[in-house]
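S.K.: See upload-v1.txt below, with compact mmCIF, C-alpha atoms.
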```
# COMPACT_ATOMS: atom_id res chain seq x y z
CA MET A 1 3.35 40.71 27.53
CA ARG A 2 0.94 41.42 30.36
CA LYS A 3 -0.55 37.96 29.99
CA ALA A 4 2.86 36.32 30.36
CA LEU A 5 3.61 38.39 33.45
CA THR A 6 0.34 37.50 35.13
CA ILE A 7 0.87 33.83 34.35
CA THR A 8 4.35 33.86 35.87
CA LEU A 9 3.11 35.67 38.96
CA LEU A 10 0.28 33.15 39.34
CA ILE A 11 2.71 30.26 39.07
CA MET A 12 4.93 31.90 41.66
CA MET A 13 2.02 32.39 44.05
CA LEU A 14 0.91 28.80 43.57
CA SER A 15 4.39 27.45 44.14
CA ILE A 16 4.88 29.08 47.53
CA PRO A 17 2.33 26.97 49.48
CA ALA A 18 3.46 23.88 47.59
CA THR A 19 7.05 24.31 48.73
CA LEU A 20 5.93 25.13 52.25
CA THR A 21 3.83 21.97 52.51
CA LEU A 22 6.76 20.02 51.06
CA ALA A 23 8.97 21.45 53.78
CA GLN A 24 6.45 20.54 56.47
CA GLU A 25 6.19 17.02 55.15
CA GLU A 26 9.94 16.72 55.10
CA ALA A 27 10.15 18.05 58.64
CA SER A 28 7.55 15.62 59.91
CA GLU A 29 9.28 12.76 58.13
CA THR A 30 12.59 13.54 59.75
CA GLU A 31 10.86 13.80 63.11
CA VAL A 32 9.30 10.38 62.69
CA THR A 33 12.60 8.80 61.72
CA THR A 34 14.43 10.42 64.58
CA HIS A 35 11.77 9.42 67.09
CA SER A 36 12.41 5.81 66.36
CA ALA A 37 16.13 6.21 66.10
CA ASP A 38 17.63 7.69 69.23
CA ILE A 39 16.71 9.43 72.45
CA LYS A 40 19.48 11.96 72.05
CA GLN A 41 18.29 13.10 68.65
CA GLU A 42 14.74 13.16 69.92
CA LYS A 43 15.63 15.97 72.26
CA THR A 44 17.16 18.06 69.52
CA THR A 45 14.24 17.69 67.11
CA GLU A 46 11.54 18.26 69.68
CA ALA A 47 10.48 21.42 67.87
CA GLU A 48 6.74 20.85 67.56
CA GLU A 49 3.72 23.10 67.15
CA GLY A 50 4.95 25.85 69.42
CA GLU A 51 8.45 26.18 68.05
CA PHE A 52 9.73 26.95 64.60
CA SER A 53 11.38 24.13 62.73
CA PRO A 54 14.82 24.96 61.32
CA ILE A 55 14.06 23.16 58.07
CA ILE A 56 11.04 25.36 57.38
CA TYR A 57 13.14 28.36 58.30
CA PHE A 58 15.91 27.53 55.82
CA MET A 59 13.46 26.48 53.12
CA SER A 60 11.57 29.74 53.42
CA ILE A 61 14.82 31.70 53.26
CA ALA A 62 15.83 29.87 50.09
CA VAL A 63 12.43 30.42 48.47
CA ALA A 64 12.29 34.06 49.52
CA SER A 65 15.78 34.86 48.24
CA ALA A 66 15.20 33.10 44.92
CA PHE A 67 11.95 34.96 44.34
CA ALA A 68 13.43 38.27 45.47
CA MET A 69 16.24 37.94 42.96
CA ALA A 70 13.84 36.85 40.21
CA ILE A 71 11.47 39.76 40.73
CA ALA A 72 14.36 42.21 40.92
CA ALA A 73 15.75 40.80 37.69
CA ILE A 74 12.38 41.16 35.95
CA GLY A 75 12.05 44.80 36.96
CA ALA A 76 15.63 45.67 36.14
CA ALA A 77 15.48 43.93 32.76
CA ILE A 78 12.30 45.70 31.68
CA SER A 79 13.49 49.14 32.72
CA GLN A 80 16.99 48.67 31.29
CA ALA A 81 15.45 47.54 28.02
CA ARG A 82 13.34 50.69 27.91
CA ALA A 83 16.39 52.86 28.57
CA ALA A 84 18.38 51.10 25.87
CA VAL A 85 15.55 51.38 23.36
CA SER A 86 15.20 55.11 23.87
CA ALA A 87 18.96 55.60 23.64
CA MET A 88 19.11 53.64 20.38
CA GLU A 89 16.24 55.66 18.93
CA ALA A 90 18.03 58.84 19.90
CA VAL A 91 21.25 57.66 18.26
CA ALA A 92 19.40 56.69 15.10
CA ARG A 93 17.83 60.14 14.96
CA GLN A 94 21.03 62.00 15.74
CA PRO A 95 24.14 59.88 15.09
CA GLU A 96 26.60 62.69 15.81
CA ALA A 97 25.57 62.83 19.46
CA SER A 98 26.20 59.14 20.03
CA GLY A 99 29.06 59.64 22.50
CA LYS A 100 27.06 61.81 24.84
CA ILE A 101 23.99 59.61 24.58
CA GLN A 102 26.05 56.51 25.29
CA ILE A 103 27.45 57.92 28.51
CA GLN A 104 24.02 59.05 29.66
CA MET A 105 22.62 55.63 28.82
CA ILE A 106 25.35 53.90 30.82
CA LEU A 107 24.58 56.15 33.78
CA ALA A 108 20.88 55.37 33.59
CA LEU A 109 21.59 51.66 33.31
CA VAL A 110 23.84 51.82 36.36
CA PHE A 111 21.21 53.56 38.44
CA ILE A 112 18.69 50.90 37.47
CA GLU A 113 21.13 48.10 38.08
CA THR A 114 21.87 49.43 41.55
CA LEU A 115 18.37 48.46 42.65
CA ALA A 116 18.95 44.89 41.54
CA ILE A 117 22.31 44.95 43.33
CA TYR A 118 20.56 46.12 46.51
CA THR A 119 18.35 43.07 46.22
CA LEU A 120 21.42 40.90 45.69
CA VAL A 121 22.99 42.31 48.86
CA VAL A 122 19.80 41.67 50.82
CA VAL A 123 19.72 38.12 49.49
CA LEU A 124 23.36 37.60 50.43
CA ILE A 125 22.64 38.85 53.94
CA LEU A 126 19.63 36.53 54.18
CA LEU A 127 21.66 33.55 53.03
CA PHE A 128 25.06 34.07 54.61
CA ALA A 129 24.85 36.66 57.37
CA ASN A 130 21.34 36.27 58.71
CA PRO A 131 21.21 37.63 62.29
CA PHE A 132 18.26 35.39 63.27
CA THR A 133 19.87 32.10 62.36
CA LYS A 134 21.42 31.74 65.79
CA TYR A 135 18.01 31.89 67.46
CA VAL A 136 16.63 29.13 65.26
CA VAL A 137 19.60 26.81 65.28
CA GLY A 138 20.45 27.57 68.87
CA MET B 1 30.51 34.92 55.74
CA ILE B 2 29.03 37.53 53.42
CA GLU B 3 32.49 38.99 53.11
CA GLY B 4 34.76 35.97 53.21
CA LEU B 5 34.08 32.99 51.00
CA PRO B 6 37.30 31.04 51.48
CA VAL B 7 39.06 30.00 48.31
CA GLY B 8 41.96 28.35 50.08
CA LEU B 9 44.68 30.23 48.25
CA GLU B 10 44.41 33.67 49.80
CA PHE B 11 47.05 34.95 52.15
CA GLY B 12 47.35 37.88 54.52
CA ILE B 13 49.94 39.63 56.60
CA PRO B 14 49.20 38.68 60.24
CA PHE B 15 48.31 42.18 61.36
CA PRO B 16 47.39 42.35 65.06
CA GLY B 17 43.81 43.17 65.92
CA LEU B 18 42.31 42.08 62.61
CA GLY B 19 40.41 38.96 61.64
CA PHE B 20 41.70 36.74 58.88
CA HIS B 21 39.44 38.23 56.21
CA ASP B 22 40.46 41.77 57.15
CA GLN B 23 44.10 40.74 56.98
CA VAL B 24 43.54 39.36 53.47
CA ILE B 25 41.79 42.53 52.31
CA PHE B 26 44.44 44.74 53.91
CA THR B 27 47.25 42.79 52.28
CA ASN B 28 45.60 42.91 48.88
CA ALA B 29 44.97 46.63 49.14
CA LEU B 30 48.68 47.05 49.92
CA ILE B 31 49.54 44.89 46.89
CA VAL B 32 47.34 47.04 44.64
CA MET B 33 48.93 50.23 45.93
CA ALA B 34 52.43 48.83 45.50
CA LEU B 35 51.61 47.64 41.98
CA ILE B 36 50.34 51.07 40.94
CA PHE B 37 53.21 52.88 42.63
CA ILE B 38 56.02 50.76 41.20
CA SER B 39 54.56 50.57 37.69
CA SER B 40 53.98 54.31 37.54
CA LEU B 41 57.58 54.86 38.71
CA PHE B 42 58.82 52.69 35.86
CA ILE B 43 56.53 54.39 33.32
CA VAL B 44 57.59 57.86 34.37
CA ARG B 45 61.26 56.96 34.12
CA GLY B 46 61.20 56.39 30.36
CA ILE B 47 58.89 59.30 29.56
CA SER B 48 59.69 61.48 26.52
CA LEU B 49 57.90 63.78 24.12
CA LYS B 50 59.58 62.76 20.88
CA ARG B 51 59.64 59.01 21.27
CA PRO B 52 56.93 57.96 23.71
CA THR B 53 57.23 54.47 25.07
CA ARG B 54 54.46 51.90 24.86
CA TRP B 55 53.33 52.23 28.46
CA GLN B 56 53.41 56.00 28.28
CA ILE B 57 50.98 55.90 25.37
CA ILE B 58 48.68 53.55 27.25
CA LEU B 59 48.64 55.77 30.35
CA GLU B 60 48.23 59.02 28.42
CA GLY B 61 45.49 57.51 26.29
CA THR B 62 43.60 56.38 29.38
CA LEU B 63 43.85 59.76 31.05
CA ASN B 64 42.88 61.60 27.86
CA TRP B 65 39.88 59.34 27.38
CA LEU B 66 38.79 59.91 30.97
CA ALA B 67 39.20 63.68 30.65
CA ASN B 68 37.25 63.73 27.39
CA THR B 69 34.47 61.65 28.90
CA MET B 70 34.21 64.02 31.85
CA GLU B 71 34.11 67.04 29.56
CA GLU B 72 31.42 65.41 27.46
CA THR B 73 29.33 64.48 30.47
CA ILE B 74 29.13 67.75 32.35
CA GLY B 75 30.35 70.35 29.89
CA SER B 76 33.49 72.44 29.79
CA GLY B 77 35.58 72.45 32.93
CA GLY B 78 34.55 68.92 33.76
CA SER B 79 38.09 67.61 33.83
CA ARG B 80 39.17 70.08 36.48
CA TYR B 81 39.53 67.41 39.15
CA LEU B 82 41.10 64.80 36.92
CA PRO B 83 43.88 63.90 39.43
CA LEU B 84 41.41 62.82 42.13
CA ILE B 85 39.02 61.12 39.72
CA ALA B 86 41.75 59.37 37.75
CA SER B 87 43.44 58.04 40.85
CA LEU B 88 40.11 56.69 42.07
CA PHE B 89 39.57 55.12 38.65
CA ILE B 90 42.99 53.49 38.44
CA TYR B 91 42.87 52.26 42.02
CA VAL B 92 39.42 50.73 41.69
CA LEU B 93 40.27 49.27 38.28
CA VAL B 94 43.43 47.54 39.48
CA GLY B 95 41.63 46.49 42.67
CA ASN B 96 38.82 44.90 40.66
CA LEU B 97 41.12 43.15 38.22
CA ILE B 98 43.65 41.82 40.73
CA SER B 99 41.43 38.86 41.53
CA ILE B 100 42.54 37.34 38.20
CA ILE B 101 45.86 36.52 39.84
CA PRO B 102 45.43 33.25 41.75
CA GLY B 103 45.75 33.85 45.47
CA CYS B 104 44.72 37.48 45.31
CA VAL B 105 41.31 38.73 46.39
CA SER B 106 39.77 41.97 45.17
CA PRO B 107 40.00 44.48 48.01
CA THR B 108 36.91 46.13 46.53
CA SER B 109 34.85 43.11 47.56
CA ASN B 110 34.84 44.44 51.12
CA LEU B 111 32.17 46.84 52.39
CA THR B 112 34.49 48.76 54.69
CA HIS B 113 37.12 49.27 52.02
CA ASN B 114 34.53 50.64 49.60
CA LEU B 115 33.04 52.86 52.29
CA ALA B 116 36.47 54.40 52.81
CA LEU B 117 36.72 55.16 49.10
CA ALA B 118 33.19 56.59 49.02
CA LEU B 119 33.83 58.78 52.07
CA ILE B 120 36.64 60.52 50.17
CA VAL B 121 34.08 61.55 47.57
CA PHE B 122 31.53 62.42 50.25
CA PHE B 123 33.86 64.85 52.00
CA ALA B 124 35.33 66.23 48.79
CA THR B 125 31.97 67.21 47.28
CA PRO B 126 31.05 70.15 49.56
CA VAL B 127 34.69 71.28 49.62
CA VAL B 128 34.70 71.50 45.82
CA GLY B 129 31.37 73.33 45.85
CA ILE B 130 32.49 75.88 48.45
CA MET B 131 35.80 76.41 46.66
CA HIS B 132 34.08 77.23 43.39
CA ILE B 133 30.98 79.24 44.24
CA GLY B 134 31.59 80.30 47.84
CA PHE B 135 29.88 79.28 51.06
CA LYS B 136 26.88 81.57 50.66
CA ASN B 137 26.09 80.48 47.13
CA PHE B 138 26.62 76.87 48.12
CA LEU B 139 24.02 77.18 50.88
CA LYS B 140 21.70 79.02 48.53
CA HIS B 141 22.10 76.20 46.03
CA ARG B 142 21.04 73.79 48.75
CA MET B 143 17.98 75.85 49.73
CA GLY B 144 16.20 75.39 46.44
CA PRO B 145 14.50 77.96 44.26
CA VAL B 146 11.69 79.07 46.61
CA LEU B 147 12.53 80.59 49.99
CA ALA B 148 9.37 79.34 51.70
CA LEU B 149 10.20 75.75 50.87
CA SER B 150 13.86 76.02 51.83
CA PRO B 151 13.74 73.87 55.03
CA LEU B 152 12.16 71.03 53.09
CA PHE B 153 14.65 71.39 50.26
CA PHE B 154 17.56 71.52 52.68
CA VAL B 155 16.50 68.32 54.45
CA LEU B 156 15.90 66.54 51.17
CA GLU B 157 19.23 67.61 49.70
CA THR B 158 21.04 66.54 52.86
CA ILE B 159 19.39 63.13 52.85
CA GLY B 160 20.30 62.79 49.18
CA GLU B 161 23.87 63.73 50.01
CA PHE B 162 24.06 60.99 52.65
CA SER B 163 22.57 58.38 50.37
CA ARG B 164 25.34 58.87 47.82
CA PRO B 165 28.24 57.18 49.65
CA VAL B 166 25.91 54.35 50.67
CA SER B 167 24.89 53.71 47.08
CA LEU B 168 28.49 54.02 45.84
CA THR B 169 29.65 51.53 48.47
CA ILE B 170 26.93 48.97 47.98
CA ARG B 171 27.06 49.16 44.18
CA LEU B 172 30.75 48.32 44.01
CA PHE B 173 30.54 45.76 46.82
CA GLY B 174 27.53 43.97 45.38
CA ASN B 175 28.93 43.74 41.90
CA ILE B 176 32.38 42.49 42.81
CA ARG B 177 31.30 40.27 45.70
CA GLY B 178 28.42 38.79 43.73
CA GLU B 179 30.73 37.93 40.90
CA GLU B 180 33.24 36.31 43.24
CA ILE B 181 30.49 34.18 44.77
CA LEU B 182 29.28 33.30 41.27
CA ILE B 183 32.76 32.18 40.23
CA ALA B 184 33.22 30.17 43.43
CA VAL B 185 29.86 28.45 43.03
CA ILE B 186 30.43 27.64 39.36
CA ASN B 187 33.87 26.29 40.20
CA LYS B 188 32.34 24.08 42.85
CA ILE B 189 29.67 22.76 40.50
CA ALA B 190 32.27 22.09 37.83
CA SER B 191 34.57 20.28 40.22
CA MET B 192 31.69 18.17 41.49
CA ILE B 193 31.31 16.42 38.14
CA TYR B 194 34.90 16.41 37.01
CA TYR B 195 37.51 19.07 36.84
CA ILE B 196 36.79 21.66 34.15
CA PRO B 197 38.84 24.85 34.07
CA ILE B 198 35.60 26.81 33.73
CA THR B 199 37.18 29.81 35.41
CA VAL B 200 38.91 30.53 32.13
CA VAL B 201 35.50 31.01 30.55
CA ILE B 202 34.08 33.10 33.38
CA LEU B 203 37.07 35.37 33.98
CA PRO B 204 36.57 37.56 30.87
CA LEU B 205 33.17 38.51 32.32
CA THR B 206 35.00 39.65 35.42
CA LEU B 207 37.17 41.90 33.28
CA ILE B 208 34.12 43.62 31.78
CA THR B 209 32.35 44.13 35.10
CA GLY B 210 35.50 45.33 36.81
CA PHE B 211 36.15 47.88 34.11
CA VAL B 212 32.57 49.16 33.99
CA GLN B 213 32.37 49.46 37.77
CA ALA B 214 35.65 51.37 37.92
CA PHE B 215 34.38 53.70 35.19
CA ILE B 216 31.14 54.27 37.09
CA PHE B 217 33.03 54.84 40.31
CA ALA B 218 34.99 57.57 38.50
CA LEU B 219 32.04 59.07 36.63
CA LEU B 220 29.61 59.48 39.53
CA PRO B 221 31.95 61.68 41.65
CA THR B 222 32.39 63.89 38.59
CA ILE B 223 28.64 64.40 38.43
CA TYR B 224 28.45 65.03 42.18
CA PHE B 225 31.20 67.64 41.88
CA ALA B 226 29.41 69.23 38.97
CA GLY B 227 26.20 69.38 40.95
CA ALA B 228 27.96 70.96 43.92
CA ALA B 229 29.94 73.50 41.90
CA GLY B 230 27.30 74.25 39.29
CA TRP B 231 29.37 73.45 36.23
CA GLY B 232 27.56 73.01 32.98
CA GLU B 233 24.69 75.16 34.15
CA GLU B 234 25.97 78.15 32.22
CA GLU B 235 25.54 76.23 29.00
CA HIS B 236 21.87 75.62 29.58
CA LYS B 237 21.09 79.25 30.34
```
How does this structure look as C-alpha cells?

M.R.:
Amino acid sequence: MRKALTITLLIMMLSIPATLTLAQEEASETEVTTHSADIKQEKTTEAEEGEFSPIIYFMSIAVASAFAMAIAAIGAAISQARAAVSAMEAVARQPEASGKIQIQMILALVFIETLAIYTLVVVLILLFANPFTKYVVG
Amino acid sequence: MIEGLPVGLEFGIPFPGLGFHDQVIFTNALIVMALIFISSLFIVRGISLKRPTRWQIILEGTLNWLANTMEETIGSGGSRYLPLIASLFIYVLVGNLISIIPGCVSPTSNLTHNLALALIVFFATPVVGIMHIGFKNFLKHRMGPVLALSPLFFVLETIGEFSRPVSLTIRLFGNIRGEEILIAVINKIASMIYYIPITVVILPLTLITGFVQAFIFALLPTIYFAGAAGWGEEEHK
C-alpha cells in the first residue's frame, strides 16, 4: 500500500520537469517557425527570457489541475473507504441499527466528498475563470 | 465561463440588467417553481383519505420518509421544521433533475442561486435556536462549557457558523456544475468520432447525484437546527 503510494508520488514528481521541458521545447519550436514565417507574428511571439510564454502558462495550468484532482481523489477515496468499512462493520455487529448508521455514514461521506469538490471548484476556476489569464495573453 | 458552458439549446427570458447566463438561470428557476406549484395544485385537488390517488401516495410517502429520516438522525422532535426542510428538498430535487429535459439548465448549477438557498438556512438557524431555548441560553450555548475560554469559543463558533453557507453553496454548485461539464465533454468526445447518444448512458448518473445532493441539502439544515436548538441532547443525558 505504502510502496504503491510512494511509487506513484515519485512518478508524479518525475513527470513534472519532463512536461515542463516538453513545453519549453514546444515553445522554442514555435518561436523558430514564426521567426522565419512573418514579421507580424514575430512581434506577438517575442516573449523571450524576461517574459512568460503563454504556452508554458497553459501547460502548467493543465498539469497542476490534473494533479490537484488526482491527489484530491486519492485522499477522498482512502478516507471514504475507511468510513464505509467502519460503517459496514458496525452494521454487521448490530444489524438492527442499520438505518441510523447508514444516514451517519452518508453524512460522513458527504463531508469528505466536499473537500474533493472544493478541489474541483478550484480546478474549474484555474481552467475556465482564471483571473491572471488576461495578463499573460494580453 | 465557469458558470456558463453553452449547450446551444438553452433559452432565457430577456430580463433587463442581466447577462445571458443569468437570464437562463432565472428562467429555469421560474420553470422549476411553476412546475412544483402547478403539480402540487393538481395533487391537492384529488386528495382523499379513503381512496388516495397515485400522486398523493407518492407525495405523502416522500414526506413521511423525510420526516422519519430527520427523527432518526437527531432524535425525537427532529421533524419539527418539516415544512421548511421539505420545501428545500423538493425545490433542490426538481432543480437538479430538470436538466434532463433538453433545453433546460439546472438552476442549482449557479453559485449565486445556491448562495440564496444557503442564506435561508443561515438566517433561519439562530432564529430557530432563539425560539426554542431563549436568547440567553442560546448565547450560553455559544460560549462553550468554560467561562474563561468563552471569547475563544464564541469566535470559533461564529466562524463555523459562517463557513456553513459557504460549504452548502459550493457543495451543491460543484456537484451539479461538475456533472454538467462532464456530460458536455463526453458528448463532445462522442460526437467527434461519430454520433453516439451517450447522454442516455450518463443521465442515470445525474439522477443519482441530483437525488443525493438534494437529500444532503435537506439533511444538513436539520442538523444545524438541532445544534442551535439543542434537540437530541436530552437523550444522551

S.K.: I'd like the interatomic distance between atom CA of B:Pro165 and atom CA of B:Phe122, to a tenth of an Å.

M.R.: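 These two atoms are separated by 6.2 Å.
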
S.K.: Output as a PyMOL selection string the set of chain A residues within 9 Å of chain B, with distances taken over all atoms listed in the file.

M.R.: chain A and resi 99-100+103-104+106-107+110+113-115+117-118+120-121+124-125+127-129

S.K.: If you measure from atom CA of B:Ser106 to atom CA of A:Ile74, what distance in Å do you get, rounded to one decimal?

M.R.: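 For atom CA of B:Ser106 relative to atom CA of A:Ile74, the distance reads 28.9 Å.
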
S.K.: Hey, can you check how far atom CA of B:Arg80 sits from atom CA of B:Arg164?

M.R.: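 The value is 21.1 Å.
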
S.K.: Give the answer as one residue: which of B:Ile36, B:Ile159, B:Leu205, B:Ile58 has the shortest atom-to-atom distance to B:Arg142, using only C-alpha atoms?

M.R.: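 Of the candidates, the smallest distance to B:Arg142 is held by B:Ile159.
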